[in-house]
Amino acid sequence: MTPVSDVLSRTSTTDTAKVLLPLDDFTWNGWSAMETQWQVERLLSRYAMCIDEDVLESWPEFFTLNACRYEIITRENVERGMPLALMFCTSRGMLVDRIVSLREANIYPQRWYRHIISNVLIQSADAECLQVQSNYVVLQTRRTGQTDIFSAGKYVDRVVLSNGELKFSEKRVVVDTHRVDTLLVAPI
Amino acid sequence: MTPVSDVLSRTSTTDTAKVLLPLDDFTWNGWSAMETQWQVERLLSRYAMCIDEDVLESWPEFFTLNACRYEIITRENVERGMPLALMFCTSRGMLVDRIVSLREANIYPQRWYRHIISNVLIQSADAECLQVQSNYVVLQTRRTGQTDIFSAGKYVDRVVLSNGELKFSEKRVVVDTHRVDTLLVAPI
Amino acid sequence: MTPVSDVLSRTSTTDTAKVLLPLDDFTWNGWSAMETQWQVERLLSRYAMCIDEDVLESWPEFFTLNACRYEIITRENVERGMPLALMFCTSRGMLVDRIVSLREANIYPQRWYRHIISNVLIQSADAECLQVQSNYVVLQTRRTGQTDIFSAGKYVDRVVLSNGELKFSEKRVVVDTHRVDTLLVAPI
């Protein structure tokens, strides 16, 4: 089907070098394409639950131990080719530091987050790594009880199998929403 | 994977006594874990459709006949350990009554609901029952044609197989949003 | 299970003539019901990605070549039995024209869209065609960086297998939201 390959080759928001056609049939580490999809969706659901339940101390464990990369970057910057990220971590230690300082510097009014992750699309699979894209919206509820949109965008993830568990070796959060008051408070 | 078990044991919004680790591999009533996931997602989709299409007379049939429990409770009350619920039904008869009085006392301006249910996570499975958590947002559209967020939160469900059909033996709606004008009008 | 059949037979927003019971077990073109679900969800995810990445030139390719139908209609009009649609195309050429004129007449301020599609429910399957319903919300982010709800509603789709690829032979977008400033700018 040509549309998606065209989409991927023409769009400026996708790193075309790494993106292949969505795959309908493959096996990966002994899983069928459908099983792989299910496992990846479970990973994303647990990731969402970790943040939404505010147990951020466990958040770094969703990433690979040795080398990992977590980035929040605006779609505007991606499309302009500007690498400046809102958050950029290249090791699990940096992720841990992030949470520690977030807990210590908790000067912001408390709010709850709720992730809705949808349209999970496995884009490529090689022996080591899956590239997965998904859409998300994170809703926030303030102390007042009112819920609004905190952030919408997409996840561009690289997922690996590490000691029998799926982990993110790379998670790139491309945010559509760039007018946020407290973007740095919590991971997305 | 430790993060989720940690999440579940540390969080105050989860009933830790009942929650086990998300399961990657099990069989349940002859279904694989993946098939069970699919069936549960179908149940949730039909549930959403029932409310969104405003055919609430059928809503009680999604629950077990003998004993069931439906509860809407704010996340605030859950975290404070206060059991006070916004809606609390412990039999199918109570669910039916709810809909009857809702239809009779229809003094509110009509609105449409639209459920987005995501990140469905089967948390435990024993011979009788699945415990399932999912995130949701319900959008409402008023007569004016404008759509906004009605409620965001999570479902904590207990699902059983009854005469070959999946039913909720328990559905606990934990709402993040507690500033709603008409929370009691329709089930979530 | 009676609720859904009741829902479908009573609701005025569904074309009851064509809608059958949600099916738990069938095969379709050699796929199990679960595989079919997965393939349909992939189609919807790619469709969402095409619009969200703003590669609308590929959008017509998601539809069948010979005869297809794409319609955006308000829920209000569906419930009143008024056939007037906000957008109505009955061939792929009309879809292409739509995109061409949209690109040429780009007098609107640029915005980004983000689709969240959920609760995908296969409602019937015959030898040629699947009928599939799903809920969606499309978020828009303006130049200012603020994200809000552009449109919420449901997709009522007819999906066929054409040369080994899933395509929409019909896509009916029933929008709850009818107060939109720029509904005609982009497909939903």
# chains A, B, ... in the order shown; residues from 1 in each chain; ligands from 1

call {"tool": "closest_atom_pairs", "arguments": {"of": "chain B", "to": "chain C", "cutoff": "8 Å", "atoms": "only C-alpha atoms", "output": "JSON lines"}}
result
{"residue": "B:Glu35", "atom": "CA", "partner": "C:Met34", "partner_atom": "CA", "distance": 7.3}
{"residue": "B:Trp38", "atom": "CA", "partner": "C:Met34", "partner_atom": "CA", "distance": 7.0}
{"residue": "B:Gln39", "atom": "CA", "partner": "C:Asp24", "partner_atom": "CA", "distance": 7.9}
{"residue": "B:Glu41", "atom": "CA", "partner": "C:Asn119", "partner_atom": "CA", "distance": 7.4}
{"residue": "B:Arg42", "atom": "CA", "partner": "C:Leu121", "partner_atom": "CA", "distance": 6.8}
{"residue": "B:Leu44", "atom": "CA", "partner": "C:Asn119", "partner_atom": "CA", "distance": 7.4}
{"residue": "B:Ser45", "atom": "CA", "partner": "C:Asn119", "partner_atom": "CA", "distance": 4.6}
{"residue": "B:Arg46", "atom": "CA", "partner": "C:Val4", "partner_atom": "CA", "distance": 6.7}
{"residue": "B:Ala48", "atom": "CA", "partner": "C:Asn119", "partner_atom": "CA", "distance": 7.7}
{"residue": "B:Cys50", "atom": "CA", "partner": "C:Val7", "partner_atom": "CA", "distance": 6.1}
{"residue": "B:Glu53", "atom": "CA", "partner": "C:Thr11", "partner_atom": "CA", "distance": 6.4}
{"residue": "B:Asp54", "atom": "CA", "partner": "C:Thr11", "partner_atom": "CA", "distance": 7.4}
{"residue": "B:Val55", "atom": "CA", "partner": "C:Val7", "partner_atom": "CA", "distance": 5.4}
{"residue": "B:Ser58", "atom": "CA", "partner": "C:Pro3", "partner_atom": "CA", "distance": 4.7}
{"residue": "B:Trp59", "atom": "CA", "partner": "C:Pro3", "partner_atom": "CA", "distance": 7.0}
{"residue": "B:Glu61", "atom": "CA", "partner": "C:Pro3", "partner_atom": "CA", "distance": 6.1}
{"residue": "B:Phe62", "atom": "CA", "partner": "C:Pro3", "partner_atom": "CA", "distance": 7.3}
{"residue": "B:Trp112", "atom": "CA", "partner": "C:Asp176", "partner_atom": "CA", "distance": 7.2}
{"residue": "B:Arg114", "atom": "CA", "partner": "C:Gly153", "partner_atom": "CA", "distance": 6.8}
{"residue": "B:His115", "atom": "CA", "partner": "C:Asn135", "partner_atom": "CA", "distance": 7.1}
{"residue": "B:Ile116", "atom": "CA", "partner": "C:Ser118", "partner_atom": "CA", "distance": 5.7}
{"residue": "B:Ile117", "atom": "CA", "partner": "C:Ser118", "partner_atom": "CA", "distance": 6.3}
{"residue": "B:Ser118", "atom": "CA", "partner": "C:Ser118", "partner_atom": "CA", "distance": 6.8}
{"residue": "B:Leu139", "atom": "CA", "partner": "C:Ala152", "partner_atom": "CA", "distance": 7.6}
{"residue": "B:Thr141", "atom": "CA", "partner": "C:Thr177", "partner_atom": "CA", "distance": 6.2}
{"residue": "B:Thr144", "atom": "CA", "partner": "C:Arg179", "partner_atom": "CA", "distance": 7.1}
{"residue": "B:Gly145", "atom": "CA", "partner": "C:His178", "partner_atom": "CA", "distance": 4.6}
{"residue": "B:Gln146", "atom": "CA", "partner": "C:Arg179", "partner_atom": "CA", "distance": 5.5}
{"residue": "B:Thr147", "atom": "CA", "partner": "C:Thr177", "partner_atom": "CA", "distance": 5.7}
{"residue": "B:Asp148", "atom": "CA", "partner": "C:Ile149", "partner_atom": "CA", "distance": 7.0}
{"residue": "B:Glu165", "atom": "CA", "partner": "C:Met1", "partner_atom": "CA", "distance": 6.8}

call {"tool": "select_by_dssp", "arguments": {"residues": "range 42-181 of chain A", "states": "strand (DSSP E)", "output": "PyMOL selection string"}}
result
chain A and resi 69-74+87-89+111-125+129-142+147-162+165-175

call {"tool": "select_by_dssp", "arguments": {"residues": "range 46-101 of chain A", "states": "helix (DSSP H, G or I)", "output": "PyMOL selection string"}}
result
chain A and resi 46-52+56-62+75-80+92-101

call {"tool": "write_last_selection", "arguments": {"atoms": "N, CA, C and O atoms", "output": "short mmCIF file (atom, residue, chain, number, x, y, z; two decimals), in the first residue's frame"}}
result
data_model
loop_
_atom_site.label_atom_id
_atom_site.label_comp_id
_atom_site.auth_asym_id
_atom_site.auth_seq_id
_atom_site.Cartn_x
_atom_site.Cartn_y
_atom_site.Cartn_z
N ARG A 46 1.28 -0.06 30.66
CA ARG A 46 1.93 -0.03 31.97
C ARG A 46 2.68 1.27 32.18
O ARG A 46 2.71 1.82 33.28
N TYR A 47 3.28 1.77 31.10
CA TYR A 47 3.97 3.06 31.15
C TYR A 47 2.99 4.16 31.54
O TYR A 47 3.26 4.99 32.42
N ALA A 48 1.84 4.17 30.89
CA ALA A 48 0.81 5.17 31.19
C ALA A 48 0.37 5.07 32.65
O ALA A 48 0.23 6.07 33.36
N MET A 49 0.18 3.85 33.09
CA MET A 49 -0.30 3.63 34.45
C MET A 49 0.72 4.13 35.47
O MET A 49 0.35 4.69 36.51
N CYS A 50 1.98 3.93 35.17
CA CYS A 50 3.04 4.37 36.08
C CYS A 50 2.96 5.87 36.33
O CYS A 50 3.04 6.34 37.46
N ILE A 51 2.78 6.63 35.25
CA ILE A 51 2.71 8.09 35.40
C ILE A 51 1.38 8.50 36.01
O ILE A 51 1.32 9.33 36.91
N ASP A 52 0.30 7.90 35.52
CA ASP A 52 -1.02 8.32 35.97
C ASP A 52 -1.24 8.02 37.46
O ASP A 52 -1.95 8.75 38.14
N LEU A 56 6.27 7.79 40.02
CA LEU A 56 7.32 8.16 39.07
C LEU A 56 8.67 7.53 39.42
O LEU A 56 9.54 7.43 38.55
N GLU A 57 8.85 7.13 40.66
CA GLU A 57 10.10 6.46 41.03
C GLU A 57 10.33 5.21 40.19
O GLU A 57 11.47 4.78 40.01
N SER A 58 9.28 4.61 39.68
CA SER A 58 9.42 3.41 38.84
C SER A 58 9.56 3.75 37.36
O SER A 58 9.88 2.87 36.56
N TRP A 59 9.34 4.98 37.02
CA TRP A 59 9.34 5.38 35.61
C TRP A 59 10.66 5.07 34.89
O TRP A 59 10.65 4.55 33.77
N PRO A 60 11.83 5.31 35.53
CA PRO A 60 13.09 5.00 34.80
C PRO A 60 13.24 3.53 34.44
O PRO A 60 13.95 3.20 33.48
N GLU A 61 12.58 2.65 35.17
CA GLU A 61 12.73 1.21 34.92
C GLU A 61 12.08 0.77 33.60
O GLU A 61 12.29 -0.36 33.17
N PHE A 62 11.32 1.63 33.00
CA PHE A 62 10.76 1.30 31.68
C PHE A 62 11.80 1.46 30.56
O PHE A 62 11.52 1.10 29.42
N ARG A 75 6.76 19.61 18.14
CA ARG A 75 6.60 19.33 16.70
C ARG A 75 7.12 20.49 15.87
O ARG A 75 7.68 20.30 14.79
N GLU A 76 6.95 21.68 16.39
CA GLU A 76 7.44 22.87 15.70
C GLU A 76 8.96 22.77 15.48
O GLU A 76 9.46 22.99 14.38
N ASN A 77 9.67 22.40 16.52
CA ASN A 77 11.12 22.28 16.39
C ASN A 77 11.52 21.13 15.47
O ASN A 77 12.47 21.25 14.71
N VAL A 78 10.78 20.04 15.54
CA VAL A 78 11.08 18.92 14.65
C VAL A 78 10.91 19.36 13.20
O VAL A 78 11.78 19.11 12.35
N GLU A 79 9.82 20.07 12.91
CA GLU A 79 9.55 20.45 11.53
C GLU A 79 10.52 21.51 11.03
O GLU A 79 10.80 21.60 9.84
N ARG A 80 11.03 22.33 11.93
CA ARG A 80 12.02 23.34 11.55
C ARG A 80 13.45 22.79 11.56
O ARG A 80 14.39 23.52 11.26
N ARG A 92 19.81 6.17 32.23
CA ARG A 92 18.80 5.94 33.25
C ARG A 92 19.06 6.80 34.48
O ARG A 92 18.13 7.25 35.15
N GLY A 93 20.35 7.06 34.74
CA GLY A 93 20.69 7.94 35.86
C GLY A 93 20.07 9.33 35.70
O GLY A 93 19.57 9.92 36.67
N MET A 94 20.09 9.83 34.49
CA MET A 94 19.49 11.15 34.25
C MET A 94 17.98 11.10 34.47
O MET A 94 17.38 12.08 34.94
N LEU A 95 17.37 9.98 34.12
CA LEU A 95 15.93 9.84 34.35
C LEU A 95 15.63 9.84 35.85
O LEU A 95 14.68 10.49 36.30
N VAL A 96 16.46 9.12 36.59
CA VAL A 96 16.28 9.07 38.04
C VAL A 96 16.45 10.47 38.63
O VAL A 96 15.63 10.92 39.44
N ASP A 97 17.51 11.17 38.20
CA ASP A 97 17.74 12.53 38.69
C ASP A 97 16.54 13.42 38.45
O ASP A 97 16.17 14.25 39.28
N ARG A 98 15.97 13.24 37.27
CA ARG A 98 14.81 14.03 36.90
C ARG A 98 13.66 13.88 37.90
O ARG A 98 13.04 14.85 38.31
N ILE A 99 13.43 12.63 38.25
CA ILE A 99 12.32 12.36 39.18
C ILE A 99 12.66 12.89 40.58
O ILE A 99 11.80 13.48 41.25
N VAL A 100 13.91 12.70 40.98
CA VAL A 100 14.32 13.18 42.30
C VAL A 100 14.12 14.69 42.40
O VAL A 100 13.51 15.19 43.36
N SER A 101 14.60 15.40 41.41
CA SER A 101 14.48 16.87 41.48
C SER A 101 13.02 17.30 41.34
O SER A 101 12.61 18.29 41.92
#

call {"tool": "residues_around", "arguments": {"residues": "Glu170 in chain A", "least_positions_apart": "4", "cutoff": "9 Å", "atoms": "only C-alpha atoms", "output": "number ranges by chain"}}
result
A: 63-64, 67-71, 90, 156-159

call {"tool": "atom_distance", "arguments": {"atom1": "CA of Gln131 in chain A", "atom2": "CA of Val40 in chain C"}}
result
20.0 Å

call {"tool": "residues_around", "arguments": {"residues": "Gly30 in chain A", "least_positions_apart": "4", "cutoff": "12 Å", "atoms": "only C-alpha atoms", "output": "NGL selection string"}}
result
:A and (26 or 34-36 or 127 or 161 or 164)

call {"tool": "atom_distance", "arguments": {"atom1": "CA of Met87 in chain B", "atom2": "CA of Ser169 in chain B"}}
result
16.0 Å

call {"tool": "atom_distance", "arguments": {"atom1": "CA of Asp25 in chain C", "atom2": "CA of Leu43 in chain C"}}
result
20.5 Å
